[in-house]
Amino acid sequence: MTFKELGLNDALMKAIEDLGFENPTPIQQQTIPLLKSKDTDLVALAQTGTGKTAAFGLPILNKLDTNTKDTQALILSPTRELCVQITNDLKKYAKYYKGLMVTSVYGGASIVNQMRDIKQGSQIIVATPGRLVDLIERRAVKLSTIKTIVLDEADEMLNMGFKDSLDAILEQTPEGKNTWLFSATMPREVERIAKNYMNNPVDISAGKKNEGAANITHVYYSVNSRDRYSALKRIVDFYPEIFGVVFCRTKAETQEVADALIKDGYSADALHGDLSQGQRDFVMKRFRNKTLQMLVATDVAARGIDVKDITHVINYNLPEDIESYTHRSGRTARAGKSGLAISIITGRDSGKIKDIERIINKKFERGVVPNGFDVTEKQLFHLVKKLHDVSVNDEEIEKYLPKIYEELKDLSKEEIIKRFISEEFNRFFAYYENASDLNSGSEGGSGNNKTSRFFINLGQLDGFNRNSLKDFLAEISKVHPRMIFNVDVKGSFSFFETESKFVDTFLGVNKDDVEFNNRKVSIEASAKRMRDGGGEERRSGGGGFNKGGRGGFEKGRREGGSSDRSGNRGKFGAHRERKSSGGDRSDSGRRSFDRKDSGEKKQFGKSEFRKNKY
Ligand code: AMP
């Protein structure tokens with residue numbers, strides 16, 4: 001079927017042509033002829049990425065009367081990002097419309113400005129349910145002229161707790177309107193809305209329930225949980241051209257992963273609900289225009305996001321609710337493209353993979369986390385390609401060339417190439433030279449090193465730095481300081497690692513009633529670990545290579561991480577760590593601890609710790 005056969009008006013046809021859409025997608029073929037002429041309610045089971053915005057947007061626009069400023073269509077969607085996206089899409093379809101105003105309204109932005117925009121006369125309002133209820137209560141929107149109401153991502157709106165808002169809105173809209181509901185899944189709550197608020201809706205389905213897009217390849221990598229972050233970096237390094245979304249389970253984890261990636265010099269940023277409206281818009285803008293290579297996001301924040309050409313979706317953790325897997329992987333392979341959905345899992349997630357396979361009706365491939373050699377080779381040829389494709393600024397470089405030729409005249413072409421490439425290659429080779437095997441069950445995987453991580457309720461606020469805390473831990477446990485590593489001192493607490501054979505020793509400290517500054521020292525086993533301290537950075541002698549210089553992505557990279565262009569990112573990172581937590585012992589010179597069971601106050605080992613400060 002062609003767009004011509006759908007019978008849309010000329011202005012829309014011209015815009016569609018400009019957008020390069022050749023044929024309507026299956027859902028558009030079903031909705032457009034039906035909705036553009038007939039007054040009917042509709043329930044559509046449709047995944048994101050199927051072209052559903054145009055499936056409801058084009059019929060709305062086709063029917064719209066731009067001679068009046070009355071609000072004729074209301075589109076409800078779960079997040080502000082989706083509101084903005086839908087609004088932008090509608091504006092593209094209505095490129096040749098005159099006198100059309102589409103306004104998006106959502107929480108977190110000035111309600112006053114939104115009221116002003118609506119007052120100017122918006123024929124289409126795109127809203128999150130919560131903000132729309134606020135506007136209704138302030139009598140800032142008039143719903144009596146609404147002809148069409150669209151509930152987009154209805155299941156997600158209900159998941160997000162908008163049930164009452166939806167009921168309130170639907171009750172206020174006029175009797176004769178048409179309601180079009182789009183949902184990726186059909187839980188009972190969505191069916192209830194359809195039953196309560198719709199008249200004989202036409203049911204359509206674009207693809208089977210929850211079935212993932214056919215052109216997505218699903219791969220999982222099984223690692224030990226402490227290697228999760230290292231595996232992420234390894235995978236990302238293996239795909240130097242990656243443009244992807246990394247999904248995390250919580251807002252905190254999202255921020256932590258994004259921070260760690262930024263610190264390690266990657267082009268990444270976080271998107272989650274704790275960020276301000278401005279921050280979220282800024283991140284999305286950078287991601288959309290590809291100055292940001294990786295968006296690290298929660299399910300909610302990235303729901304329905306349509307950014308072109310996403311190559312990879314990485315599940316840093318599988319979603320709590322396995323149905324979300326389809327939504328996550330649907331961020332890639334859009335508009336006929338193919339994509340890779342990668343999940344980093346640990347042993348206990350294997351059952352979940354089976355459940356997801358049932359839902360997406362497709363088998364996962366088991367991936368092998370690339371080893372150092374694979375990554376080095378990939379990076380090398382990426383570099384060669386970049387060198388080949390670099391755009392040369394003839395005008396500016398011209399004046400230096402004679403001198404450069406002179407300097408290099410004793411070298412053959414082969415020598416020059418070799419040296420030029422080595423300038424970068426040496427760095428990532430050094431970084432990955434001794435990289436371990438991160439696949440779970442492998443010899444080199446750090447899980448096999450049998451190390452354990454602990455939390456202790458002492459930190460900088462108690463005057464500790466890395467070295468002094470290590471000494472303190474050695475003193476109270478009698479474990480040699482060399483066996484205590486990755487000491488990460490935070491404000492009021494810290495983390496450290498030791499070989500697992502010392503687990504009982506360290507947990508046993510709790511029974512000893514050790515006190516520090518009249519506070520009982522508490523040590524707990526901890527699973528959480530973002531930075532791969534025992535991993536590549538250290539193993540390669542402070543290596544780590546700069547992600548700078550990736551084609552197309554480095555422009556928007558945030559400065560202030562360790563992404564110096566000179567290529568010393570890893571060294572700089574390691575050096576900085578040493579500097580910040582190293583030498584200065586003067587601040588920790590007044591500490592001592594108390595071991596109650598020994599009946600005597602024990603002075604903390606070294607002479608520089610004064611006796612009488614208990
Ligand atoms: P959606 O499901 O609305 O988020 O759309 C997914 C993507 O498909 C968007 O980038 C649309 O611009 C694009 N798209 C929608 N309809 C078509 C079409 N008929 N042909 C090609 N691309 C389309």
# chains A, B, ... in the order shown; residues from 1 in each chain; ligands from 1

call {"tool": "residues_near_ligand", "arguments": {"ligand": "ligand 1", "cutoff": "6 Å", "atoms": "only C-alpha atoms and all ligand atoms", "output": "ChimeraX atom specification"}}
result
/A:21-25,48-54,306,334-335

call {"tool": "residues_around", "arguments": {"residues": "A:Val283", "least_positions_apart": "3", "cutoff": "12 Å", "atoms": "only C-alpha atoms", "output": "MDAnalysis selection string"}}
result
chainID A and resid 81 258 267:272 275:280 286:297 301:302 556:558

call {"tool": "atom_distance", "arguments": {"atom1": "atom CA of A:Asp65", "atom2": "atom CA of A:Ala46"}}
result
27.7 Å

call {"tool": "atom_distance", "arguments": {"atom1": "atom CA of A:Val246", "atom2": "atom CA of A:Ser225"}}
result
16.7 Å

call {"tool": "atom_distance", "arguments": {"atom1": "atom CA of A:Ala109", "atom2": "atom CA of A:Asp299"}}
result
21.2 Å

call {"tool": "residues_around", "arguments": {"residues": "A:His382", "least_positions_apart": "4", "cutoff": "10 Å", "atoms": "only C-alpha atoms", "output": "VMD selection string"}}
result
chain A and resid 238 to 241 376 to 378 386 to 388 550 to 551

call {"tool": "write_last_selection", "arguments": {"atoms": "N, CA, C and O atoms", "output": "PDB file, in the first residue's frame"}}
result
ATOM      1  N   PHE A 238      34.506  -2.445  22.458  1.00  0.00           N
ATOM      2  CA  PHE A 238      34.503  -3.356  21.316  1.00  0.00           C
ATOM      3  C   PHE A 238      33.672  -2.785  20.159  1.00  0.00           C
ATOM      4  O   PHE A 238      33.805  -3.208  19.022  1.00  0.00           O
ATOM      5  N   TYR A 239      32.781  -1.862  20.501  1.00  0.00           N
ATOM      6  CA  TYR A 239      31.962  -1.227  19.460  1.00  0.00           C
ATOM      7  C   TYR A 239      32.269   0.272  19.423  1.00  0.00           C
ATOM      8  O   TYR A 239      31.491   1.080  19.921  1.00  0.00           O
ATOM      9  N   PRO A 240      33.401   0.640  18.850  1.00  0.00           N
ATOM     10  CA  PRO A 240      33.815   2.051  18.924  1.00  0.00           C
ATOM     11  C   PRO A 240      32.788   3.012  18.329  1.00  0.00           C
ATOM     12  O   PRO A 240      32.760   4.172  18.681  1.00  0.00           O
ATOM     13  N   GLU A 241      31.930   2.524  17.446  1.00  0.00           N
ATOM     14  CA  GLU A 241      30.958   3.430  16.817  1.00  0.00           C
ATOM     15  C   GLU A 241      29.611   3.371  17.514  1.00  0.00           C
ATOM     16  O   GLU A 241      28.623   3.840  16.976  1.00  0.00           O
ATOM     17  N   THR A 376      41.476  -4.588  21.221  1.00  0.00           N
ATOM     18  CA  THR A 376      42.603  -3.851  20.635  1.00  0.00           C
ATOM     19  C   THR A 376      42.511  -3.872  19.113  1.00  0.00           C
ATOM     20  O   THR A 376      42.681  -2.849  18.448  1.00  0.00           O
ATOM     21  N   GLU A 377      42.201  -5.042  18.584  1.00  0.00           N
ATOM     22  CA  GLU A 377      42.108  -5.160  17.133  1.00  0.00           C
ATOM     23  C   GLU A 377      40.970  -4.296  16.586  1.00  0.00           C
ATOM     24  O   GLU A 377      41.131  -3.565  15.612  1.00  0.00           O
ATOM     25  N   LYS A 378      39.831  -4.341  17.280  1.00  0.00           N
ATOM     26  CA  LYS A 378      38.682  -3.541  16.856  1.00  0.00           C
ATOM     27  C   LYS A 378      39.029  -2.057  16.858  1.00  0.00           C
ATOM     28  O   LYS A 378      38.744  -1.319  15.928  1.00  0.00           O
ATOM     29  N   LYS A 386      39.158   5.748  10.633  1.00  0.00           N
ATOM     30  CA  LYS A 386      39.044   7.182  10.925  1.00  0.00           C
ATOM     31  C   LYS A 386      40.114   7.977  10.183  1.00  0.00           C
ATOM     32  O   LYS A 386      39.865   9.035   9.634  1.00  0.00           O
ATOM     33  N   LEU A 387      41.292   7.402  10.179  1.00  0.00           N
ATOM     34  CA  LEU A 387      42.406   8.062   9.498  1.00  0.00           C
ATOM     35  C   LEU A 387      42.085   8.173   8.004  1.00  0.00           C
ATOM     36  O   LEU A 387      42.301   9.202   7.376  1.00  0.00           O
ATOM     37  N   HIS A 388      41.516   7.098   7.482  1.00  0.00           N
ATOM     38  CA  HIS A 388      41.189   7.070   6.064  1.00  0.00           C
ATOM     39  C   HIS A 388      40.103   8.101   5.737  1.00  0.00           C
ATOM     40  O   HIS A 388      40.167   8.786   4.730  1.00  0.00           O
ATOM     41  N   ARG A 550      36.838   9.753  19.137  1.00  0.00           N
ATOM     42  CA  ARG A 550      35.877   8.917  18.434  1.00  0.00           C
ATOM     43  C   ARG A 550      35.205   9.770  17.387  1.00  0.00           C
ATOM     44  O   ARG A 550      34.749  10.846  17.697  1.00  0.00           O
ATOM     45  N   GLY A 551      35.096   9.225  16.197  1.00  0.00           N
ATOM     46  CA  GLY A 551      34.503  10.012  15.119  1.00  0.00           C
ATOM     47  C   GLY A 551      33.127  10.523  15.487  1.00  0.00           C
ATOM     48  O   GLY A 551      32.270   9.755  15.868  1.00  0.00           O
TER      49      GLY A 551
END

call {"tool": "select_by_dssp", "arguments": {"residues": "stretch 45-120 of chain A", "states": "strand (DSSP E)", "output": "ChimeraX atom specification"}}
result
/A:45-46,73-76,102-105

call {"tool": "write_last_selection", "arguments": {"atoms": "C-alpha atoms", "output": "compact mmCIF listing (two decimals), in the first residue's frame"}}
result
# COMPACT_ATOMS: atom_id res chain seq x y z
CA LEU A 45 -1.99 -2.91 20.50
CA ALA A 46 1.22 -1.47 19.18
CA ALA A 73 -7.16 17.03 19.88
CA LEU A 74 -5.64 16.02 23.16
CA ILE A 75 -2.80 13.53 23.29
CA LEU A 76 -1.83 12.07 26.64
CA VAL A 102 0.69 22.33 18.93
CA THR A 103 1.51 22.81 22.61
CA SER A 104 3.09 20.30 24.93
CA VAL A 105 2.49 20.54 28.65

call {"tool": "residues_around", "arguments": {"residues": "stretch 132-142 of chain A", "least_positions_apart": "3", "cutoff": "8 Å", "atoms": "only C-alpha atoms", "output": "list in words"}}
result
Thr71, Val105, Tyr106, Ile111, Met115, Ile118, Lys119, Ala127, Thr128, Pro129, Thr145, Ser165, Ala168 and Ile169 of chain A

call {"tool": "write_last_selection", "arguments": {"atoms": "N, CA, C and O atoms", "output": "CSV table (one decimal), in the first residue's frame"}}
result
chain,number,residue,atom,x,y,z
A,71,THR,N,-9.2,24.0,20.8
A,71,THR,CA,-8.5,22.8,21.0
A,71,THR,C,-9.3,21.6,20.5
A,71,THR,O,-10.4,21.3,21.0
A,105,VAL,N,2.5,20.1,27.2
A,105,VAL,CA,2.5,20.5,28.6
A,105,VAL,C,2.8,19.3,29.5
A,105,VAL,O,2.3,18.2,29.3
A,106,TYR,N,3.8,19.6,30.5
A,106,TYR,CA,4.2,18.5,31.3
A,106,TYR,C,4.8,19.1,32.6
A,106,TYR,O,5.1,20.3,32.6
A,111,ILE,N,4.4,26.3,34.6
A,111,ILE,CA,3.0,26.1,34.3
A,111,ILE,C,2.4,27.4,33.7
A,111,ILE,O,1.5,27.4,32.9
A,115,MET,N,0.3,27.8,30.4
A,115,MET,CA,-1.0,28.4,30.4
A,115,MET,C,-1.1,29.5,29.3
A,115,MET,O,-2.1,29.6,28.6
A,118,ILE,N,-1.3,27.9,25.9
A,118,ILE,CA,-2.6,27.3,25.6
A,118,ILE,C,-3.6,28.4,25.3
A,118,ILE,O,-4.4,28.3,24.4
A,119,LYS,N,-3.4,29.5,26.0
A,119,LYS,CA,-4.4,30.6,25.9
A,119,LYS,C,-4.3,31.3,24.5
A,119,LYS,O,-5.3,31.8,23.9
A,127,ALA,N,0.0,16.2,26.4
A,127,ALA,CA,0.2,16.5,27.8
A,127,ALA,C,0.5,15.2,28.6
A,127,ALA,O,0.2,14.1,28.2
A,128,THR,N,1.2,15.4,29.7
A,128,THR,CA,1.3,14.3,30.7
A,128,THR,C,0.0,14.4,31.5
A,128,THR,O,-0.5,15.6,31.8
A,129,PRO,N,-0.5,13.3,32.0
A,129,PRO,CA,-1.8,13.4,32.7
A,129,PRO,C,-1.8,14.3,34.0
A,129,PRO,O,-2.7,15.1,34.2
A,145,THR,N,-14.3,21.4,23.5
A,145,THR,CA,-14.2,21.4,22.0
A,145,THR,C,-13.4,20.2,21.5
A,145,THR,O,-13.2,20.1,20.2
A,165,SER,N,-5.7,10.4,37.5
A,165,SER,CA,-5.6,11.5,36.6
A,165,SER,C,-6.3,11.2,35.3
A,165,SER,O,-7.1,12.0,34.8
A,168,ALA,N,-10.0,11.3,35.8
A,168,ALA,CA,-10.5,12.7,35.9
A,168,ALA,C,-10.6,13.3,34.6
A,168,ALA,O,-11.5,14.0,34.3
A,169,ILE,N,-9.5,13.1,33.8
A,169,ILE,CA,-9.5,13.8,32.4
A,169,ILE,C,-10.6,13.2,31.5
A,169,ILE,O,-11.4,14.0,30.9

call {"tool": "residues_around", "arguments": {"residues": "A:Val503", "least_positions_apart": "2", "cutoff": "10 Å", "atoms": "only C-alpha atoms", "output": "number ranges by chain"}}
result
A: 451-454, 497-501, 505-508, 524-525

call {"tool": "residues_around", "arguments": {"residues": "A:Gly330", "least_positions_apart": "6", "cutoff": "10 Å", "atoms": "only C-alpha atoms", "output": "number ranges by chain"}}
result
A: 47-50, 212-213, 216, 303-306, 310, 313, 324, 339, 341

call {"tool": "residues_around", "arguments": {"residues": "A:Gly107", "least_positions_apart": "5", "cutoff": "8 Å", "atoms": "only C-alpha atoms", "output": "list in words"}}
result
Arg80, Thr128, Gly130 and Arg131 of chain A

call {"tool": "select_by_dssp", "arguments": {"residues": "stretch 51-288 of chain A", "states": "helix (DSSP H, G or I)", "output": "PyMOL selection string"}}
result
chain A and resi 52-63+80-93+111-119+129-137+154-159+163-172+188-197+225-238+251-263+277-288

call {"tool": "closest_residue", "arguments": {"among": "A:Gly121, A:Val384, A:Lys95, A:Ile360", "to": "A:Leu19", "atoms": "only C-alpha atoms"}}
result
A:Lys95
